[in-house]
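run.txt (compact mmCIF, C-alpha atoms and all ligand atoms) appears below.
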```
# COMPACT_ATOMS: atom_id res chain seq x y z
CA PRO P 20 139.90 154.31 62.03
CA THR P 21 136.75 156.44 62.40
CA THR P 22 135.01 157.18 59.15
CA ALA P 23 133.47 160.62 58.93
CA ALA P 24 129.82 160.57 57.93
CA SER P 25 129.89 161.74 54.34
CA ASN P 26 126.24 161.04 53.65
CA THR P 27 124.80 163.19 56.44
CA THR P 28 123.79 166.76 55.80
CA GLY P 29 123.59 168.13 59.36
CA PRO P 30 126.42 169.28 61.62
CA VAL P 31 129.11 166.71 62.34
CA TRP P 32 130.37 166.06 65.86
CA PRO P 33 134.18 166.39 66.21
CA GLU P 34 136.06 163.18 65.54
CA LEU P 35 136.34 160.97 68.64
CA ALA P 36 139.17 158.69 69.68
CA ALA P 37 138.11 155.04 70.07
CA SER P 38 138.64 155.33 73.84
CA HIS P 39 136.49 158.45 74.21
CA PRO P 40 133.76 158.14 76.90
CA LEU P 41 131.18 159.40 74.41
CA LYS P 42 131.92 156.40 72.17
CA ASP P 43 131.46 154.14 75.13
CA LEU P 44 128.12 155.73 76.04
CA GLN P 45 126.97 155.56 72.40
CA SER P 46 127.60 151.84 72.43
CA LYS P 47 125.33 151.43 75.46
CA LEU P 48 122.50 153.35 73.83
CA PRO P 49 120.69 150.53 71.97
CA LYS P 50 120.25 148.56 75.18
CA LEU P 51 119.35 151.65 77.24
CA LEU P 52 116.65 152.77 74.84
CA LYS P 53 115.22 149.30 74.56
CA GLU P 54 115.08 148.73 78.31
CA ALA P 55 113.66 152.17 79.07
CA ASP P 56 111.18 151.81 76.21
CA TYR P 57 111.49 155.56 75.70
CA ALA P 58 113.91 157.70 73.70
CA GLU P 59 113.09 161.40 74.14
CA VAL P 60 115.06 163.88 76.25
CA TYR P 61 114.32 167.66 76.10
CA GLY P 62 112.49 167.18 72.82
CA VAL P 63 115.43 165.36 71.21
CA THR P 64 114.72 161.79 70.13
CA LEU P 65 117.84 159.80 70.91
CA SER P 66 118.92 157.48 68.15
CA ALA P 67 121.16 154.42 68.37
CA GLU P 68 121.79 154.47 64.62
CA GLU P 69 125.28 154.93 63.26
CA PRO P 70 126.70 157.46 62.84
CA THR P 71 125.18 158.86 66.04
CA PRO P 72 123.13 161.96 65.17
CA PHE P 73 124.52 165.29 66.36
CA SER P 74 121.62 166.05 68.70
CA THR P 75 121.90 162.60 70.33
CA ASN P 76 125.59 163.30 71.05
CA LEU P 77 124.59 166.63 72.57
CA ILE P 78 122.35 164.95 75.14
CA LEU P 79 124.82 162.14 75.87
CA GLN P 80 127.57 164.71 76.37
CA LYS P 81 125.45 166.53 78.99
CA PHE P 82 124.99 163.32 80.96
CA LEU P 83 128.72 162.59 80.71
CA ARG P 84 129.71 166.06 81.86
CA ALA P 85 127.33 165.83 84.82
CA ASN P 86 129.12 162.65 85.86
CA SER P 87 132.73 163.74 85.24
CA ASN P 88 132.94 161.34 82.27
CA ASP P 89 132.06 158.30 84.36
CA VAL P 90 130.25 156.28 81.68
CA ASP P 91 128.47 153.90 84.06
CA LYS P 92 127.10 156.73 86.18
CA ALA P 93 126.11 158.73 83.09
CA SER P 94 124.34 155.74 81.64
CA SER P 95 122.38 155.01 84.81
CA GLN P 96 121.39 158.67 85.16
CA LEU P 97 120.24 158.68 81.54
CA PHE P 98 118.29 155.48 82.09
CA SER P 99 116.51 156.88 85.13
CA THR P 100 115.75 160.11 83.23
CA LEU P 101 114.24 158.16 80.33
CA LYS P 102 112.07 156.19 82.76
CA TRP P 103 111.00 159.37 84.52
CA ARG P 104 110.17 161.12 81.24
CA LYS P 105 108.19 158.13 80.06
CA GLU P 106 106.06 158.36 83.17
CA PHE P 107 105.86 162.13 83.78
CA GLN P 108 105.59 163.13 80.10
CA PRO P 109 107.28 166.55 80.45
CA LEU P 110 106.52 167.50 76.83
CA LYS P 111 102.83 167.02 77.52
CA ALA P 112 103.15 169.14 80.68
CA LYS P 113 104.73 171.85 78.52
CA ASP P 114 101.51 172.23 76.55
CA GLU P 115 99.03 171.70 79.37
CA VAL P 116 96.72 174.54 80.43
CA PHE P 117 97.26 175.67 84.02
CA ASP P 118 94.97 177.45 86.44
CA GLU P 119 95.64 181.18 86.31
CA GLU P 120 94.59 181.62 89.95
CA ARG P 121 97.30 179.22 91.09
CA PHE P 122 100.10 179.97 88.65
CA GLY P 123 99.43 183.29 86.93
CA GLY P 124 102.31 185.76 87.24
CA LEU P 125 104.64 183.21 88.84
CA GLY P 126 106.82 182.18 85.92
CA TYR P 127 108.22 183.64 82.70
CA ILE P 128 110.77 182.79 80.05
CA THR P 129 112.71 185.54 78.32
CA VAL P 130 115.41 185.45 75.68
CA LEU P 131 117.78 188.27 76.58
CA ASP P 132 120.32 189.79 74.28
CA GLY P 133 123.40 191.57 75.57
CA VAL P 134 124.05 189.50 78.69
CA PRO P 135 127.62 190.25 79.83
CA SER P 136 129.75 187.11 79.73
CA ALA P 137 131.37 185.83 82.91
CA ASP P 138 134.87 186.87 81.77
CA GLY P 139 133.59 190.40 81.09
CA LYS P 140 134.87 190.24 77.52
CA GLY P 141 131.69 190.01 75.52
CA HIS P 142 127.96 189.61 75.47
CA SER P 143 125.69 186.73 74.70
CA LYS P 144 122.07 185.86 74.12
CA GLU P 145 120.64 183.89 77.02
CA VAL P 146 117.44 182.06 77.84
CA VAL P 147 116.34 183.17 81.32
CA THR P 148 113.59 181.56 83.40
CA TRP P 149 111.98 183.74 86.06
CA ASN P 150 110.25 182.30 89.13
CA ILE P 151 108.39 185.06 90.89
CA TYR P 152 107.73 183.12 94.07
CA GLY P 153 107.22 186.39 95.96
CA ALA P 154 104.02 186.88 93.95
CA VAL P 155 102.37 183.72 95.31
CA LYS P 156 99.04 184.85 96.74
CA ASP P 157 97.88 181.68 98.42
CA HIS P 158 100.58 179.15 99.14
CA LYS P 159 98.13 176.30 99.71
CA ALA P 160 96.61 176.89 96.29
CA THR P 161 99.98 177.04 94.50
CA PHE P 162 101.97 174.42 96.38
CA GLY P 163 99.28 172.32 98.11
CA ASP P 164 98.66 170.00 95.17
CA LEU P 165 102.23 168.78 94.79
CA ASN P 166 101.77 167.00 91.47
CA GLY P 167 99.97 170.00 89.97
CA PHE P 168 102.78 172.30 91.09
CA LEU P 169 105.44 169.97 89.66
CA ARG P 170 103.68 169.79 86.29
CA TRP P 171 103.62 173.60 86.14
CA ARG P 172 107.28 173.93 87.19
CA VAL P 173 108.42 171.24 84.73
CA ALA P 174 106.30 172.88 81.99
CA LEU P 175 108.19 176.13 82.55
CA MET P 176 111.50 174.29 82.48
CA GLU P 177 110.69 172.45 79.25
CA ARG P 178 109.56 175.70 77.63
CA SER P 179 112.88 177.33 78.52
CA ILE P 180 114.87 174.39 77.20
CA ALA P 181 112.78 174.43 74.02
CA GLN P 182 114.18 177.94 73.42
CA LEU P 183 117.64 176.40 73.12
CA ASN P 184 116.52 174.57 69.96
CA LEU P 185 118.61 171.52 70.80
CA SER P 186 117.26 169.49 67.88
CA SER P 187 118.77 171.97 65.42
CA ALA P 188 121.95 172.74 67.39
CA THR P 189 125.18 173.02 65.41
CA THR P 190 127.83 173.66 68.09
CA SER P 191 129.24 170.66 69.91
CA ILE P 192 129.56 170.67 73.70
CA PRO P 193 133.14 170.53 74.99
CA ASP P 194 134.29 167.55 77.05
CA HIS P 195 133.98 167.62 80.81
CA GLY P 196 136.45 170.19 82.15
CA ALA P 197 137.24 171.61 78.71
CA GLY P 198 134.94 174.62 78.57
CA ALA P 199 131.39 175.84 78.98
CA ASP P 200 128.28 174.19 77.58
CA PRO P 201 126.62 176.73 75.26
CA TYR P 202 123.20 175.09 75.68
CA THR P 203 122.21 176.15 79.16
CA ILE P 204 119.69 178.51 80.71
CA MET P 205 119.81 181.04 83.53
CA GLN P 206 117.25 181.17 86.33
CA ILE P 207 116.00 183.91 88.61
CA HIS P 208 114.06 183.47 91.83
CA ASP P 209 112.39 186.69 92.89
CA TYR P 210 111.24 186.66 96.52
CA LEU P 211 109.99 190.25 96.60
CA SER P 212 107.32 190.69 99.27
CA VAL P 213 106.99 187.02 100.17
CA LYS P 214 103.96 186.91 102.41
CA PHE P 215 104.94 183.95 104.53
CA LEU P 216 108.16 184.07 106.40
CA ARG P 217 108.05 180.50 107.56
CA MET P 218 108.75 177.73 105.12
CA ASP P 219 105.45 175.89 105.60
CA PRO P 220 105.21 172.16 104.82
CA ASN P 221 103.65 172.74 101.38
CA ILE P 222 106.50 175.00 100.25
CA LYS P 223 109.09 172.69 101.76
CA ALA P 224 107.67 169.63 100.02
CA ALA P 225 107.30 171.42 96.68
CA SER P 226 110.79 172.88 96.66
CA LYS P 227 112.36 169.64 97.87
CA LYS P 228 110.74 167.60 95.12
CA THR P 229 111.51 170.21 92.43
CA ILE P 230 115.15 170.31 93.46
CA GLU P 231 115.28 166.49 93.35
CA ILE P 232 113.75 166.30 89.87
CA PHE P 233 116.00 169.00 88.42
CA GLN P 234 119.09 167.46 90.01
CA ALA P 235 118.30 163.98 88.74
CA HIS P 236 116.76 164.66 85.34
CA TYR P 237 117.99 168.02 84.06
CA PRO P 238 121.79 167.66 84.26
CA GLU P 239 123.90 170.46 82.81
CA THR P 240 120.97 172.69 81.93
CA LEU P 241 121.72 175.60 84.27
CA SER P 242 124.51 178.14 83.80
CA ARG P 243 123.76 180.58 86.63
CA LYS P 244 120.97 181.22 89.11
CA PHE P 245 120.16 184.44 90.92
CA PHE P 246 118.05 184.84 94.04
CA VAL P 247 116.83 188.41 94.29
CA ASN P 248 114.89 190.44 96.84
CA VAL P 249 115.66 187.88 99.53
CA PRO P 250 114.17 189.23 102.79
CA VAL P 251 116.88 189.68 105.40
CA VAL P 252 114.99 187.49 107.87
CA MET P 253 114.97 184.68 105.33
CA GLY P 254 118.64 184.69 104.47
CA TRP P 255 119.04 181.45 106.43
CA VAL P 256 116.97 179.56 103.85
CA PHE P 257 119.87 179.81 101.40
CA GLY P 258 122.22 178.13 103.86
CA ALA P 259 119.68 175.40 104.53
CA VAL P 260 118.94 174.64 100.86
CA LYS P 261 122.64 174.65 99.96
CA LEU P 262 123.17 171.62 102.17
CA VAL P 263 121.16 169.34 99.89
CA LEU P 264 122.83 170.48 96.67
CA ALA P 265 125.99 169.50 94.82
CA LYS P 266 128.90 171.93 95.29
CA GLU P 267 129.10 172.53 91.53
CA THR P 268 125.45 173.62 91.57
CA VAL P 269 125.87 175.98 94.51
CA ARG P 270 128.81 177.59 92.71
CA LYS P 271 126.35 178.80 90.08
CA PHE P 272 124.20 180.64 92.65
CA THR P 273 124.26 184.33 93.55
CA VAL P 274 122.06 186.04 96.14
CA LEU P 275 121.26 189.70 95.47
CA SER P 276 119.50 191.78 98.13
CA TYR P 277 117.79 193.99 95.56
CA GLY P 278 116.16 193.14 92.26
CA GLU P 279 117.67 196.27 90.68
CA TYR P 280 121.14 194.74 90.97
CA LEU P 281 120.28 192.21 88.28
CA VAL P 282 121.07 194.72 85.54
CA ASN P 283 124.75 194.38 86.41
CA GLU P 284 124.60 190.64 85.81
CA LEU P 285 122.16 190.35 82.90
CA GLY P 286 122.50 193.65 81.06
CA SER P 287 120.14 196.51 80.29
CA ASN P 288 117.43 194.50 78.52
CA VAL P 289 115.99 193.27 81.83
CA PRO P 290 112.73 194.93 82.98
CA LYS P 291 112.85 198.24 84.87
CA ALA P 292 112.08 196.44 88.13
CA TYR P 293 115.45 194.74 87.72
CA GLY P 294 117.35 197.93 86.93
CA GLY P 295 117.15 197.70 83.13
CA LYS P 296 115.16 199.41 80.43
CA GLY P 297 113.12 196.48 79.20
CA PRO P 298 109.35 196.17 79.49
CA GLU P 299 107.65 194.17 82.25
CA LEU P 300 108.10 190.41 82.24
CA LYS P 301 104.57 189.77 81.05
CA GLU P 302 105.34 191.75 77.89
CA LEU P 303 108.94 190.67 77.51
CA GLY P 304 108.52 186.98 78.16
CA GLU P 305 106.36 183.99 77.44
CA THR P 306 104.76 181.68 79.93
CA VAL P 307 102.82 178.42 80.10
CA LYS P 308 99.21 178.29 78.91
CA LEU P 309 96.91 179.71 81.57
CA GLU P 310 93.16 179.80 81.97
CA PRO P 311 91.01 181.59 84.55
CA THR P 312 89.49 179.42 87.26
CA LYS P 313 86.19 177.89 86.26
CA GLN P 314 83.13 179.58 87.75
CA ALA P 315 82.29 177.73 90.96
CA ALA P 316 78.60 178.62 90.47
CA THR P 317 78.32 176.78 87.16
CA ALA P 318 80.27 173.73 88.20
CA PRO P 319 79.69 172.81 91.83
CA GLU P 320 82.35 170.38 93.08
CA PRO P 321 82.01 167.91 95.91
CA PRO P 322 83.71 169.60 98.88
CA SER P 323 86.12 166.74 99.59
CA SER P 324 87.80 166.52 96.14
CA THR P 325 90.57 169.04 96.76
CA THR P 326 92.03 170.75 99.77
CA ALA P 327 90.30 174.10 99.81
CA ALA P 328 92.48 177.11 100.46
CA ALA P 329 91.80 178.43 103.91
C1 LIG P 401 114.48 176.41 95.49
C2 LIG P 401 110.18 178.30 96.62
C3 LIG P 401 112.31 181.20 99.86
C4 LIG P 401 116.61 179.82 98.16
C5 LIG P 401 113.14 176.65 95.53
C6 LIG P 401 112.15 175.92 94.77
C7 LIG P 401 110.94 176.45 95.09
C8 LIG P 401 111.16 177.52 96.04
C9 LIG P 401 109.59 176.01 94.57
C10 LIG P 401 112.43 174.74 93.80
C11 LIG P 401 113.34 175.11 92.65
C12 LIG P 401 112.71 175.92 91.56
O1 LIG P 401 111.48 176.08 91.50
O2 LIG P 401 113.47 176.42 90.69
C13 LIG P 401 110.37 179.23 97.63
C14 LIG P 401 109.32 180.01 98.29
C15 LIG P 401 109.91 180.80 99.21
C16 LIG P 401 111.35 180.54 99.13
C17 LIG P 401 107.84 179.91 97.97
C18 LIG P 401 109.28 181.81 100.14
C19 LIG P 401 108.60 181.50 101.19
C20 LIG P 401 113.66 181.14 99.62
C21 LIG P 401 114.64 182.05 100.18
C22 LIG P 401 115.85 181.66 99.69
C23 LIG P 401 115.64 180.51 98.83
C24 LIG P 401 114.34 183.20 101.10
C25 LIG P 401 117.15 182.36 100.02
C26 LIG P 401 117.99 182.72 99.07
C27 LIG P 401 116.41 178.73 97.37
C28 LIG P 401 117.47 177.90 96.81
C29 LIG P 401 116.85 176.90 96.05
C30 LIG P 401 115.42 177.15 96.14
C31 LIG P 401 118.96 178.10 97.04
C32 LIG P 401 117.53 175.78 95.27
C33 LIG P 401 117.54 176.18 93.84
C34 LIG P 401 117.90 175.12 92.84
O3 LIG P 401 118.20 173.98 93.19
O4 LIG P 401 117.91 175.44 91.64
N1 LIG P 401 112.51 177.63 96.28
N2 LIG P 401 111.59 179.58 98.16
N3 LIG P 401 114.30 180.24 98.81
N4 LIG P 401 115.20 178.26 96.93
FE1 LIG P 401 113.41 178.98 97.48
```
Could you render the structure from this file as structure tokens?
Amino acid sequence: PTTAASNTTGPVWPELAASHPLKDLQSKLPKLLKEADYAEVYGVTLSAEEPTPFSTNLILQKFLRANSNDVDKASSQLFSTLKWRKEFQPLKAKDEVFDEERFGGLGYITVLDGVPSADGKGHSKEVVTWNIYGAVKDHKATFGDLNGFLRWRVALMERSIAQLNLSSATTSIPDHGAGADPYTIMQIHDYLSVKFLRMDPNIKAASKKTIEIFQAHYPETLSRKFFVNVPVVMGWVFGAVKLVLAKETVRKFTVLSYGEYLVNELGSNVPKAYGGKGPELKELGETVKLEPTKQAATAPEPPSSTTAAA
């Protein structure tokens, strides 16, 4: 019989049957953590101690849900995520300072109250990440240095997830197929006035790699994603990108021709540009740390070090 943890003070995960996939995954954890030589996911330090801490179960449950409760698949996805995090250091990226010229105005995180729930019955508070890719001024500068772009994009993602406060979560995540995960974020891509109608190689490479990383290492983090202000001539991009994504992911996507339509989906606290009554994103939201470009005159660089923007 399972003994409830009487000596712990935090929230207690619902009792699990001995055959529950979460039990199985818990039992693999000591070996996984040892072999990966890393234990942190989304700011939660996974622990193989017994009883399994609540926040560890939360992360394990996300990996199980993403793999329809297939414990072997969940465990190999978790292993590869631990290895990736050990190398990429997403929490460090989260606090890095980024070049304002390249990334200023391109990403925000808001916590919105009054978001209508999918069943239309109530409202909830949601973490929403905004990618204003239409505001990119110089695509070579933003996307040309792939690793730099990825660090910025991952920083934004980690900052949004940090808003979910997973380490102090108290609500358990339902089993696969048994209800929604309350610890997810929403995302918006705003393509208003994109300057380049062709997907050039820099954009292609950056979006491909971002999609790969999020698919592999951020399972069950997204609830819904909206693409707004999509230029008519670029509608085909949606069809093309869909091909490389899981069906369950595509089901979360909605394309809206106009930004103002977002108010119907996210409620009246969105900025005016999106049909609401909220202030502009730069007042409403937070972003990564940004710094103006260093004065070229004071710090001359050898011309070959980076690809200069044409
Ligand atoms: C994903 C940039 C045009 C649909 C992405 C990503 C980037 C990106 C960097 C990676 C995922 C992320 O950052 O969250 C751009 C740029 C565009 C452009 C710079 C303009 C030239 C479009 C258009 C559509 C579109 C017109 C049509 C709706 C998508 C979809 C994804 C995506 C469906 C996958 C999203 C995901 O997996 O979460 N785009 N994109 N993109 N983009 Fe675009």
Please tabulate, as a tab-separated table, the residues of range 180-278 of chain P that come within 10 Å of range 98-102 of chain P, each with its closest pair of atoms and the distance in Å to one decimal, counting all atoms listed in the file and ordering rows by chain, then residue number upward.
```
residue	atom	partner	partner_atom	distance
P:Ile232	CA	P:Thr100	CA	9.3
P:Ala235	CA	P:Thr100	CA	7.2
P:His236	CA	P:Thr100	CA	5.1
P:Tyr237	CA	P:Thr100	CA	8.3
P:Pro238	CA	P:Thr100	CA	9.7
```
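For the atom pair formed by CA of Arg121 in chain P and CA of Tyr293 in chain P, the distance is 24.1 Å, given to one decimal.
For the set P:Asp132, P:Glu177, P:Glu145, P:Asp157, the residue with the smallest atom-to-atom gap to Val60 in chain P is P:Glu177, counting all atoms listed in the file.
Near (122.3, 178.8, 76.5), the residues that fall inside 8 Å on the basis of only C-alpha atoms are P:Lys144, P:Glu145, P:Val146, P:Leu183, P:Asp200, P:Pro201, P:Tyr202, P:Thr203, P:Ile204, P:Met205, P:Ser242.
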Original post:
Any idea what's packed within 10 Å of Ser191 in chain P, counting only C-alpha atoms, ignoring anything in its chain fewer than 3 positions away? Could you give it as a PyMOL selection string?
Top reply: chain P and resi 30-33+73-74+76-77+80+188+194+200-202
Can you spit out the residues from that selection as a PDB file, in the frame of the given file, using C-alpha atoms?
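And here's again_6.pdb as it stands now:
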```pdb
ATOM      1  CA  PRO P  30     126.420 169.280  61.620  1.00  0.00           C
ATOM      2  CA  VAL P  31     129.110 166.710  62.340  1.00  0.00           C
ATOM      3  CA  TRP P  32     130.370 166.060  65.860  1.00  0.00           C
ATOM      4  CA  PRO P  33     134.180 166.390  66.210  1.00  0.00           C
ATOM      5  CA  PHE P  73     124.520 165.290  66.360  1.00  0.00           C
ATOM      6  CA  SER P  74     121.620 166.050  68.700  1.00  0.00           C
ATOM      7  CA  ASN P  76     125.590 163.300  71.050  1.00  0.00           C
ATOM      8  CA  LEU P  77     124.590 166.630  72.570  1.00  0.00           C
ATOM      9  CA  GLN P  80     127.570 164.710  76.370  1.00  0.00           C
ATOM     10  CA  ALA P 188     121.950 172.740  67.390  1.00  0.00           C
ATOM     11  CA  ASP P 194     134.290 167.550  77.050  1.00  0.00           C
ATOM     12  CA  ASP P 200     128.280 174.190  77.580  1.00  0.00           C
ATOM     13  CA  PRO P 201     126.620 176.730  75.260  1.00  0.00           C
ATOM     14  CA  TYR P 202     123.200 175.090  75.680  1.00  0.00           C
TER      15      TYR P 202
END
```
Original post:
P:His208, P:Arg104, P:Lys266, P:Lys214: which is nearest Phe245 in chain P, counting only C-alpha atoms?
Top reply: P:His208
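Shortest separation to His142 in chain P among P:Ile180, P:Leu35, P:Leu285, P:Leu165 occurs at residue P:Leu285, atoms counted being all atoms listed in the file.
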Subject >> Surrounding residues of Arg84 in chain P excluding itself and chain neighbours under 2 positions, 10 Å, all atoms listed in the file, as JSON, numbers by chain >> reply: {"P": [79, 80, 81, 82, 86, 87, 88, 89, 90, 93, 192, 193, 194, 195, 196, 197, 200, 238, 239]}
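Nearest to Gly126 in chain P of all the residues P:Leu175, P:Met253, P:Val63, P:Leu83 is P:Leu175, counting only C-alpha atoms.
Considering the residues P:Trp255, P:Phe246, P:Tyr57, P:Trp171 and counting all atoms listed in the file, Glu115 in chain P has its shortest atom-to-atom contact with P:Trp171.
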